>>> print(open('final-v1.txt').read())   # compact mmCIF, C-alpha atoms and all ligand atoms
# COMPACT_ATOMS: atom_id res chain seq x y z
CA MET A 32 122.27 95.33 125.89
CA ARG A 33 120.67 98.74 126.38
CA LEU A 34 117.61 98.77 124.11
CA PHE A 35 114.78 101.08 123.11
CA TYR A 36 112.22 101.51 120.35
CA ALA A 37 112.35 104.68 118.28
CA PHE A 38 111.15 106.58 115.26
CA GLU A 39 114.11 107.53 113.14
CA LEU A 40 113.94 110.86 111.31
CA ASP A 41 114.17 110.86 107.54
CA GLU A 42 117.11 112.68 105.97
CA PRO A 43 115.23 115.88 104.92
CA ALA A 44 113.76 116.24 108.42
CA ARG A 45 117.13 115.64 110.02
CA ARG A 46 118.71 118.27 107.79
CA ALA A 47 115.90 120.79 108.39
CA LEU A 48 116.10 120.25 112.13
CA ASN A 49 119.85 120.64 112.12
CA GLU A 50 119.50 123.95 110.26
CA ALA A 51 116.69 125.16 112.51
CA LEU A 52 118.78 124.44 115.61
CA GLN A 53 121.90 126.15 114.31
CA PRO A 54 121.14 129.69 115.59
CA VAL A 55 119.95 128.29 118.95
CA ARG A 56 123.20 126.36 119.35
CA ASN A 57 124.98 129.70 119.45
CA GLN A 58 122.57 131.12 122.04
CA VAL A 59 122.19 128.28 124.53
CA SER A 60 125.07 126.55 126.23
CA ALA A 61 124.34 122.80 126.14
CA ARG A 62 125.51 119.37 125.09
CA TRP A 63 123.67 119.19 121.76
CA THR A 64 122.50 115.85 120.41
CA HIS A 65 124.66 114.78 117.50
CA PRO A 66 122.46 115.21 114.37
CA GLU A 67 122.79 111.55 113.44
CA ASN A 68 121.49 110.58 116.91
CA LEU A 69 118.23 112.58 116.66
CA HIS A 70 115.32 110.19 117.25
CA LEU A 71 112.01 109.93 119.03
CA THR A 72 111.77 107.25 121.71
CA LEU A 73 108.58 105.18 121.81
CA GLN A 74 109.54 102.89 124.63
CA PHE A 75 112.75 102.52 126.62
CA MET A 76 113.54 98.87 127.43
CA GLY A 77 116.76 99.34 129.40
CA GLU A 78 119.20 96.48 129.91
CA GLN A 79 118.03 93.31 128.13
CA PRO A 80 119.76 90.01 127.32
CA ALA A 81 120.48 89.24 123.64
CA ALA A 82 118.03 86.34 123.99
CA ALA A 83 115.21 88.89 124.33
CA ILE A 84 115.69 90.30 120.82
CA PRO A 85 113.42 87.82 118.98
CA GLY A 86 110.55 88.54 121.38
CA LEU A 87 111.15 92.29 121.18
CA THR A 88 111.18 92.09 117.37
CA ASP A 89 107.98 90.03 117.37
CA ALA A 90 106.21 92.56 119.57
CA LEU A 91 107.33 95.33 117.24
CA GLN A 92 106.01 93.50 114.18
CA ALA A 93 102.67 92.74 115.80
CA ALA A 94 102.19 96.41 116.75
CA SER A 95 103.37 97.76 113.38
CA VAL A 96 101.06 95.66 111.25
CA ASP A 97 98.07 97.41 112.87
CA THR A 98 99.27 100.93 112.11
CA ARG A 99 99.39 102.92 108.89
CA PRO A 100 102.32 105.22 108.04
CA PHE A 101 101.69 108.82 109.13
CA SER A 102 103.20 112.29 109.20
CA VAL A 103 104.35 114.25 112.22
CA SER A 104 105.72 117.75 112.59
CA PHE A 105 108.32 119.07 114.96
CA ALA A 106 108.31 122.58 116.43
CA GLY A 107 108.70 124.38 119.75
CA PHE A 108 111.11 123.81 122.63
CA GLY A 109 110.22 122.29 125.96
CA THR A 110 111.74 120.90 129.15
CA PHE A 111 110.26 118.40 131.60
CA ARG A 112 111.80 120.27 134.53
CA ALA A 113 113.64 123.48 133.76
CA ALA A 114 116.42 122.44 136.15
CA SER A 115 117.05 119.12 134.40
CA GLY A 116 118.88 120.71 131.49
CA LEU A 117 117.14 118.40 129.03
CA LEU A 118 115.84 120.40 126.11
CA TRP A 119 113.40 118.83 123.67
CA VAL A 120 111.47 119.74 120.56
CA GLY A 121 107.75 118.96 120.57
CA MET A 122 105.94 116.77 118.08
CA ALA A 123 102.45 117.33 116.67
CA SER A 124 100.62 114.44 115.02
CA GLY A 125 97.34 112.67 114.60
CA PRO A 126 96.46 109.84 117.01
CA GLU A 127 98.57 107.21 115.23
CA PRO A 128 101.85 107.40 117.19
CA ALA A 129 100.14 107.19 120.60
CA TRP A 130 98.06 104.31 119.28
CA LEU A 131 101.20 102.56 118.09
CA VAL A 132 102.88 103.01 121.49
CA SER A 133 99.87 101.58 123.29
CA ARG A 134 99.77 98.58 120.89
CA LEU A 135 103.48 98.06 121.38
CA ARG A 136 103.11 98.16 125.18
CA GLN A 137 100.27 95.61 124.97
CA GLN A 138 102.40 93.32 122.81
CA LEU A 139 105.36 93.65 125.18
CA LEU A 140 103.25 92.93 128.27
CA ALA A 141 101.78 89.88 126.53
CA ARG A 142 105.34 88.60 126.10
CA GLY A 143 106.28 89.20 129.72
CA PHE A 144 108.29 92.41 129.30
CA ASP A 145 107.98 95.34 131.69
CA VAL A 146 106.82 98.58 130.12
CA GLU A 147 106.65 102.15 131.31
CA LYS A 148 103.33 102.95 132.94
CA ARG A 149 103.62 106.69 132.47
CA PRO A 150 101.65 108.11 129.57
CA TRP A 151 103.82 108.53 126.51
CA GLN A 152 105.12 112.06 126.04
CA PRO A 153 106.54 112.38 122.55
CA HIS A 154 109.66 114.55 122.61
CA LEU A 155 112.77 114.88 120.51
CA THR A 156 115.73 115.36 122.85
CA VAL A 157 117.96 117.95 121.22
CA ALA A 158 120.21 118.96 124.13
CA ARG A 159 121.40 117.98 127.60
CA ASP A 160 122.88 120.20 130.29
CA ALA A 161 121.21 123.20 128.68
CA VAL A 162 121.72 126.38 130.66
CA LEU A 163 118.58 128.44 130.17
CA ILE A 164 118.97 132.06 131.17
CA GLU A 165 116.05 133.02 133.44
CA LYS A 166 114.65 129.57 132.60
CA THR A 167 113.26 131.01 129.38
CA LEU A 168 112.94 128.67 126.44
CA PRO A 169 114.31 129.94 123.15
CA PRO A 170 111.65 130.76 120.55
CA TRP A 171 111.27 128.19 117.80
CA PRO A 172 113.31 129.69 114.97
CA ALA A 173 111.78 128.01 111.91
CA ALA A 174 108.63 126.61 110.32
CA PRO A 175 107.40 123.27 111.73
CA ILE A 176 109.40 120.40 110.30
CA ARG A 177 107.37 117.62 108.75
CA CYS A 178 108.53 114.04 108.79
CA ARG A 179 106.95 110.92 107.36
CA ILE A 180 107.04 107.94 109.71
CA ASP A 181 106.74 104.62 107.92
CA ARG A 182 108.71 102.28 110.16
CA VAL A 183 109.75 101.66 113.74
CA THR A 184 113.21 100.67 114.90
CA LEU A 185 114.47 98.55 117.76
CA MET A 186 117.70 100.32 118.75
CA GLU A 187 120.71 99.44 120.80
CA SER A 188 122.45 102.25 122.66
CA VAL A 189 126.20 101.75 122.98
CA ARG A 190 129.29 103.72 123.89
CA LEU A 191 132.07 103.39 121.35
CA GLU A 192 135.28 105.01 122.57
CA GLY A 193 133.21 107.27 124.80
CA ARG A 194 130.87 108.27 121.96
CA LEU A 195 127.13 107.53 122.14
CA VAL A 196 126.01 105.47 119.14
CA TYR A 197 122.56 104.08 118.38
CA ARG A 198 122.59 100.85 116.40
CA PRO A 199 119.41 99.69 114.63
CA LEU A 200 118.80 96.00 115.44
CA ALA A 201 115.45 95.59 113.66
CA ARG A 202 113.39 97.88 111.46
CA THR A 203 109.72 97.10 110.93
CA PRO A 204 107.61 98.86 108.29
CA LEU A 205 104.23 100.27 109.22
CA ASN A 206 101.38 98.79 107.21
CA ASP A 207 100.32 100.96 104.26
CA LYS A 208 97.62 98.36 103.45
CA GLN A 209 95.93 98.99 106.79
CA PRO A 210 92.68 100.80 105.95
CA SER A 211 92.51 104.07 107.86
CA ASP A 212 88.95 103.39 109.04
CA ASP A 213 90.08 100.21 110.79
CA THR A 214 93.17 101.61 112.43
CA PHE A 215 91.47 102.60 115.68
CA LYS A 216 88.70 100.01 115.71
CA GLU A 217 89.95 97.82 118.52
CA ASP A 218 90.58 100.79 120.79
CA ASP A 219 87.11 102.20 120.22
CA HIS A 220 85.01 100.76 123.00
CA GLU A 221 82.34 103.41 122.91
CA GLU A 222 78.81 102.22 122.33
CA PRO A 223 76.97 103.96 119.54
CA GLY A 224 74.93 106.67 121.21
P1 LIG B 1 122.87 109.70 127.49
O1 LIG B 1 122.10 108.89 128.50
O2 LIG B 1 124.23 109.20 127.27
O3 LIG B 1 122.82 111.15 127.75
P2 LIG B 1 120.69 109.00 125.74
O4 LIG B 1 119.77 109.27 126.90
O5 LIG B 1 120.29 109.56 124.42
O6 LIG B 1 122.13 109.53 126.05
P3 LIG B 1 120.25 106.31 126.42
O7 LIG B 1 120.32 106.68 127.87
O8 LIG B 1 120.88 105.03 125.99
O9 LIG B 1 120.89 107.46 125.53
O10 LIG B 1 118.72 106.31 126.03
C1 LIG B 1 118.23 105.89 124.78
C2 LIG B 1 116.86 106.52 124.58
O11 LIG B 1 115.98 106.09 125.63
C3 LIG B 1 116.87 108.04 124.68
O12 LIG B 1 115.86 108.55 123.82
C4 LIG B 1 116.51 108.32 126.11
O13 LIG B 1 115.87 109.58 126.26
C5 LIG B 1 115.55 107.19 126.42
N1 LIG B 1 115.66 106.83 127.83
C6 LIG B 1 116.76 106.56 128.53
N2 LIG B 1 116.51 106.24 129.79
C7 LIG B 1 115.15 106.30 129.94
C8 LIG B 1 114.26 106.08 131.01
N3 LIG B 1 114.66 105.71 132.22
N4 LIG B 1 112.95 106.25 130.77
C9 LIG B 1 112.50 106.60 129.57
N5 LIG B 1 113.29 106.82 128.50
C10 LIG B 1 114.60 106.68 128.67
MG MG B 2 120.03 108.55 128.93
>>> encode(input="final-v1.txt", output="structure tokens")
Amino acid sequence: MRLFYAFELDEPARRALNEALQPVRNQVSARWTHPENLHLTLQFMGEQPAAAIPGLTDALQAASVDTRPFSVSFAGFGTFRAASGLLWVGMASGPEPAWLVSRLRQQLLARGFDVEKRPWQPHLTVARDAVLIEKTLPPWPAAPIRCRIDRVTLMESVRLEGRLVYRPLARTPLNDKQPSDDTFKEDDHEEPG
């Protein structure tokens, strides 16, 4: 099974993003992400046996219980390499999502899973095979789009009759009882100065 962890977008954010992208879809030739597939990947797990799902769900729960729900906002286009044709929308947030990813990676390592060693670069993939004229990114055509994140999803990526479909296998709520002052405690190794 091809698995990854993701933030799903809530319906208003999905709709707003879809509307914001509409004019750009007419300007840039690309394979645009189907609106229902828009998501933000936290950690790609690749091919995993079904037997791994309980451990992957456990790791997700352990990481989620330490993190409060938070808001993010999406705006601005980017590419990792202009030639790659992958077009993404950037995400601005407080420190919570990066904290959550690092907790999740710790929990996965503790259970014997391999994790990506690269720093996490939050990005919302909106198009593939984008042909950018003069390599210029289109201007962001709307106000930043806010989205509340209050859960994390373990997703399966499948092809159904040639169509890419993401299937949620487990959804874990973030912990709204987690006091905000404690959220970053364990990561804060600095001595009082
Ligand atoms: P497709 O590969 O068909 O164009 P996709 O990339 O959205 O579509 P998957 O390849 O199944 O679908 O990937 C699922 C998620 O994991 C996506 O967000 C994708 O960007 C991310 N992903 C895929 N491969 C990697 C990888 N090697 N490293 C990091 N993230 C990855
Ligand atoms: Mg892919």
>>> closest_atom_pairs(input="final-v1.txt", of="chain A", to="ligand MG 2 (chain B)", cutoff="10 Å", atoms="only C-alpha atoms and all ligand atoms", output="CSV")
residue,atom,partner,partner_atom,distance
A:Phe75,CA,B:MG2,MG,9.7
A:Gly77,CA,B:MG2,MG,9.8
A:Arg159,CA,B:MG2,MG,9.6
A:Ser188,CA,B:MG2,MG,9.2
A:Leu195,CA,B:MG2,MG,9.9
>>> axis_aligned_box(input="final-v1.txt", around="ligand LIG 1 (chain B)", padding_each_side="8 Å", output="JSON")
{"center_x": 118.4, "center_y": 108.1, "center_z": 128.0, "size_x": 27.7, "size_y": 22.1, "size_z": 24.4}
>>> residues_near_ligand(input="final-v1.txt", ligand="ligand LIG 1 (chain B)", cutoff="8 Å", atoms="all atoms listed in the file", output="PyMOL selection string")
chain A and resi 33-37+64+68+70-72+74-77+147+155-156+159+187-189+195+197
>>> residues_around(input="final-v1.txt", residues="Glu39 of chain A", least_positions_apart="4", cutoff="12 Å", atoms="all atoms listed in the file", output="PyMOL selection string")
chain A and resi 35+43-45+66-73+103+155+178-186+197-199+202-204
>>> closest_residue(input="final-v1.txt", among="A:Leu139, A:Ala94, A:Val55, A:Leu191", to="Ala158 of chain A", atoms="all atoms listed in the file")
A:Val55
>>> closest_residue(input="final-v1.txt", among="A:Gln137, A:Ala61, A:Ala81, A:Ala51", to="Ile164 of chain A", atoms="all atoms listed in the file")
A:Ala61
>>> closest_residue(input="final-v1.txt", among="A:Leu168, A:Ile176, A:Leu135, A:Val162", to="Leu87 of chain A", atoms="only C-alpha atoms")
A:Leu135
>>> atom_distance(input="final-v1.txt", atom1="atom CA of Pro54 of chain A", atom2="atom CA of Pro172 of chain A")
7.9 Å
>>> atom_distance(input="final-v1.txt", atom1="atom CA of Asn206 of chain A", atom2="atom CA of Phe105 of chain A")
22.8 Å
>>> atom_distance(input="final-v1.txt", atom1="atom CA of Asn57 of chain A", atom2="atom CA of Leu40 of chain A")
23.3 Å
>>> residues_around(input="final-v1.txt", residues="segment 122-129 of chain A", least_positions_apart="6", cutoff="8 Å", atoms="all atoms listed in the file", output="PyMOL selection string")
chain A and resi 98-99+101-106+151+153-155
>>> residues_near_point(input="final-v1.txt", point="(118.4, 120.9, 125.9)", cutoff="6 Å", atoms="only C-alpha atoms", output="PyMOL selection string")
chain A and resi 116-119+157-159+161
>>> write_last_selection(input="final-v1.txt", atoms="C-alpha atoms", output="PDB file, in the frame of the given file")
ATOM      1  CA  GLY A 116     118.880 120.710 131.490  1.00  0.00           C
ATOM      2  CA  LEU A 117     117.140 118.400 129.030  1.00  0.00           C
ATOM      3  CA  LEU A 118     115.840 120.400 126.110  1.00  0.00           C
ATOM      4  CA  TRP A 119     113.400 118.830 123.670  1.00  0.00           C
ATOM      5  CA  VAL A 157     117.960 117.950 121.220  1.00  0.00           C
ATOM      6  CA  ALA A 158     120.210 118.960 124.130  1.00  0.00           C
ATOM      7  CA  ARG A 159     121.400 117.980 127.600  1.00  0.00           C
ATOM      8  CA  ALA A 161     121.210 123.200 128.680  1.00  0.00           C
TER       9      ALA A 161
END
>>> closest_residue(input="final-v1.txt", among="A:Leu91, A:Val120, A:Leu131, A:Ala141", to="Pro175 of chain A", atoms="all atoms listed in the file")
A:Val120
>>> closest_residue(input="final-v1.txt", among="A:Pro169, A:Gly193, A:Gly86, A:Pro100", to="Gln58 of chain A", atoms="all atoms listed in the file")
A:Pro169
>>> build_atoms(input="final-v1.txt", residues="segment 156-167 of chain A", atoms="all heavy atoms", output="PDB file, in the coordinates of the input")
ATOM      1  N   THR A 156     114.690 114.771 122.002  1.00  0.00           N
ATOM      2  CA  THR A 156     115.730 115.360 122.850  1.00  0.00           C
ATOM      3  C   THR A 156     116.808 115.977 121.958  1.00  0.00           C
ATOM      4  O   THR A 156     117.459 115.267 121.197  1.00  0.00           O
ATOM      5  CB  THR A 156     116.354 114.289 123.767  1.00  0.00           C
ATOM      6  OG1 THR A 156     115.322 113.769 124.604  1.00  0.00           O
ATOM      7  CG2 THR A 156     117.457 114.877 124.643  1.00  0.00           C
ATOM      8  N   VAL A 157     116.959 117.284 122.061  1.00  0.00           N
ATOM      9  CA  VAL A 157     117.960 117.950 121.220  1.00  0.00           C
ATOM     10  C   VAL A 157     119.178 118.413 122.005  1.00  0.00           C
ATOM     11  O   VAL A 157     120.225 118.680 121.415  1.00  0.00           O
ATOM     12  CB  VAL A 157     117.366 119.126 120.404  1.00  0.00           C
ATOM     13  CG1 VAL A 157     116.384 118.611 119.371  1.00  0.00           C
ATOM     14  CG2 VAL A 157     116.718 120.156 121.314  1.00  0.00           C
ATOM     15  N   ALA A 158     119.052 118.528 123.344  1.00  0.00           N
ATOM     16  CA  ALA A 158     120.210 118.960 124.130  1.00  0.00           C
ATOM     17  C   ALA A 158     120.115 118.484 125.564  1.00  0.00           C
ATOM     18  O   ALA A 158     119.023 118.278 126.093  1.00  0.00           O
ATOM     19  CB  ALA A 158     120.353 120.474 124.088  1.00  0.00           C
ATOM     20  N   ARG A 159     121.279 118.286 126.170  1.00  0.00           N
ATOM     21  CA  ARG A 159     121.400 117.980 127.600  1.00  0.00           C
ATOM     22  C   ARG A 159     122.218 119.102 128.223  1.00  0.00           C
ATOM     23  O   ARG A 159     122.982 119.751 127.526  1.00  0.00           O
ATOM     24  CB  ARG A 159     122.157 116.673 127.817  1.00  0.00           C
ATOM     25  CG  ARG A 159     121.721 115.581 126.882  1.00  0.00           C
ATOM     26  CD  ARG A 159     120.832 114.642 127.564  1.00  0.00           C
ATOM     27  NE  ARG A 159     120.404 113.608 126.620  1.00  0.00           N
ATOM     28  CZ  ARG A 159     119.631 112.622 126.954  1.00  0.00           C
ATOM     29  NH1 ARG A 159     119.223 112.507 128.197  1.00  0.00           N
ATOM     30  NH2 ARG A 159     119.269 111.736 126.067  1.00  0.00           N
ATOM     31  N   ASP A 160     122.110 119.195 129.556  1.00  0.00           N
ATOM     32  CA  ASP A 160     122.880 120.200 130.290  1.00  0.00           C
ATOM     33  C   ASP A 160     122.681 121.598 129.719  1.00  0.00           C
ATOM     34  O   ASP A 160     123.618 122.405 129.690  1.00  0.00           O
ATOM     35  CB  ASP A 160     124.397 119.860 130.295  1.00  0.00           C
ATOM     36  CG  ASP A 160     124.667 118.473 130.859  1.00  0.00           C
ATOM     37  OD1 ASP A 160     123.845 118.004 131.670  1.00  0.00           O
ATOM     38  OD2 ASP A 160     125.685 117.863 130.479  1.00  0.00           O
ATOM     39  N   ALA A 161     121.480 121.862 129.233  1.00  0.00           N
ATOM     40  CA  ALA A 161     121.210 123.200 128.680  1.00  0.00           C
ATOM     41  C   ALA A 161     121.114 124.198 129.829  1.00  0.00           C
ATOM     42  O   ALA A 161     120.458 123.936 130.832  1.00  0.00           O
ATOM     43  CB  ALA A 161     119.915 123.184 127.888  1.00  0.00           C
ATOM     44  N   VAL A 162     121.791 125.312 129.664  1.00  0.00           N
ATOM     45  CA  VAL A 162     121.720 126.380 130.660  1.00  0.00           C
ATOM     46  C   VAL A 162     120.795 127.458 130.103  1.00  0.00           C
ATOM     47  O   VAL A 162     121.134 128.176 129.169  1.00  0.00           O
ATOM     48  CB  VAL A 162     123.130 126.965 130.949  1.00  0.00           C
ATOM     49  CG1 VAL A 162     123.029 128.068 131.995  1.00  0.00           C
ATOM     50  CG2 VAL A 162     124.070 125.859 131.418  1.00  0.00           C
ATOM     51  N   LEU A 163     119.592 127.503 130.664  1.00  0.00           N
ATOM     52  CA  LEU A 163     118.580 128.440 130.170  1.00  0.00           C
ATOM     53  C   LEU A 163     118.598 129.696 131.037  1.00  0.00           C
ATOM     54  O   LEU A 163     118.339 129.621 132.242  1.00  0.00           O
ATOM     55  CB  LEU A 163     117.196 127.799 130.181  1.00  0.00           C
ATOM     56  CG  LEU A 163     117.050 126.557 129.312  1.00  0.00           C
ATOM     57  CD1 LEU A 163     115.689 125.913 129.529  1.00  0.00           C
ATOM     58  CD2 LEU A 163     117.254 126.879 127.841  1.00  0.00           C
ATOM     59  N   ILE A 164     118.914 130.794 130.416  1.00  0.00           N
ATOM     60  CA  ILE A 164     118.970 132.060 131.170  1.00  0.00           C
ATOM     61  C   ILE A 164     117.558 132.430 131.592  1.00  0.00           C
ATOM     62  O   ILE A 164     116.635 132.436 130.786  1.00  0.00           O
ATOM     63  CB  ILE A 164     119.615 133.157 130.304  1.00  0.00           C
ATOM     64  CG1 ILE A 164     121.086 132.779 130.057  1.00  0.00           C
ATOM     65  CG2 ILE A 164     119.543 134.520 130.997  1.00  0.00           C
ATOM     66  CD1 ILE A 164     121.606 133.145 128.729  1.00  0.00           C
ATOM     67  N   GLU A 165     117.376 132.699 132.887  1.00  0.00           N
ATOM     68  CA  GLU A 165     116.050 133.020 133.440  1.00  0.00           C
ATOM     69  C   GLU A 165     115.033 131.917 133.146  1.00  0.00           C
ATOM     70  O   GLU A 165     113.841 132.166 133.086  1.00  0.00           O
ATOM     71  CB  GLU A 165     115.517 134.361 132.908  1.00  0.00           C
ATOM     72  CG  GLU A 165     116.455 135.550 133.063  1.00  0.00           C
ATOM     73  CD  GLU A 165     116.581 136.010 134.515  1.00  0.00           C
ATOM     74  OE1 GLU A 165     115.694 135.695 135.323  1.00  0.00           O
ATOM     75  OE2 GLU A 165     117.595 136.653 134.826  1.00  0.00           O
ATOM     76  N   LYS A 166     115.507 130.717 132.893  1.00  0.00           N
ATOM     77  CA  LYS A 166     114.650 129.570 132.600  1.00  0.00           C
ATOM     78  C   LYS A 166     113.721 129.804 131.400  1.00  0.00           C
ATOM     79  O   LYS A 166     112.665 129.187 131.276  1.00  0.00           O
ATOM     80  CB  LYS A 166     113.809 129.194 133.820  1.00  0.00           C
ATOM     81  CG  LYS A 166     114.662 128.795 135.026  1.00  0.00           C
ATOM     82  CD  LYS A 166     113.822 128.097 136.071  1.00  0.00           C
ATOM     83  CE  LYS A 166     114.660 127.405 137.120  1.00  0.00           C
ATOM     84  NZ  LYS A 166     114.997 128.244 138.261  1.00  0.00           N
ATOM     85  N   THR A 167     114.099 130.706 130.539  1.00  0.00           N
ATOM     86  CA  THR A 167     113.260 131.010 129.380  1.00  0.00           C
ATOM     87  C   THR A 167     113.657 130.125 128.201  1.00  0.00           C
ATOM     88  O   THR A 167     114.839 130.022 127.865  1.00  0.00           O
ATOM     89  CB  THR A 167     113.432 132.497 128.978  1.00  0.00           C
ATOM     90  OG1 THR A 167     113.248 133.272 130.143  1.00  0.00           O
ATOM     91  CG2 THR A 167     112.420 132.886 127.915  1.00  0.00           C
TER      92      THR A 167
END
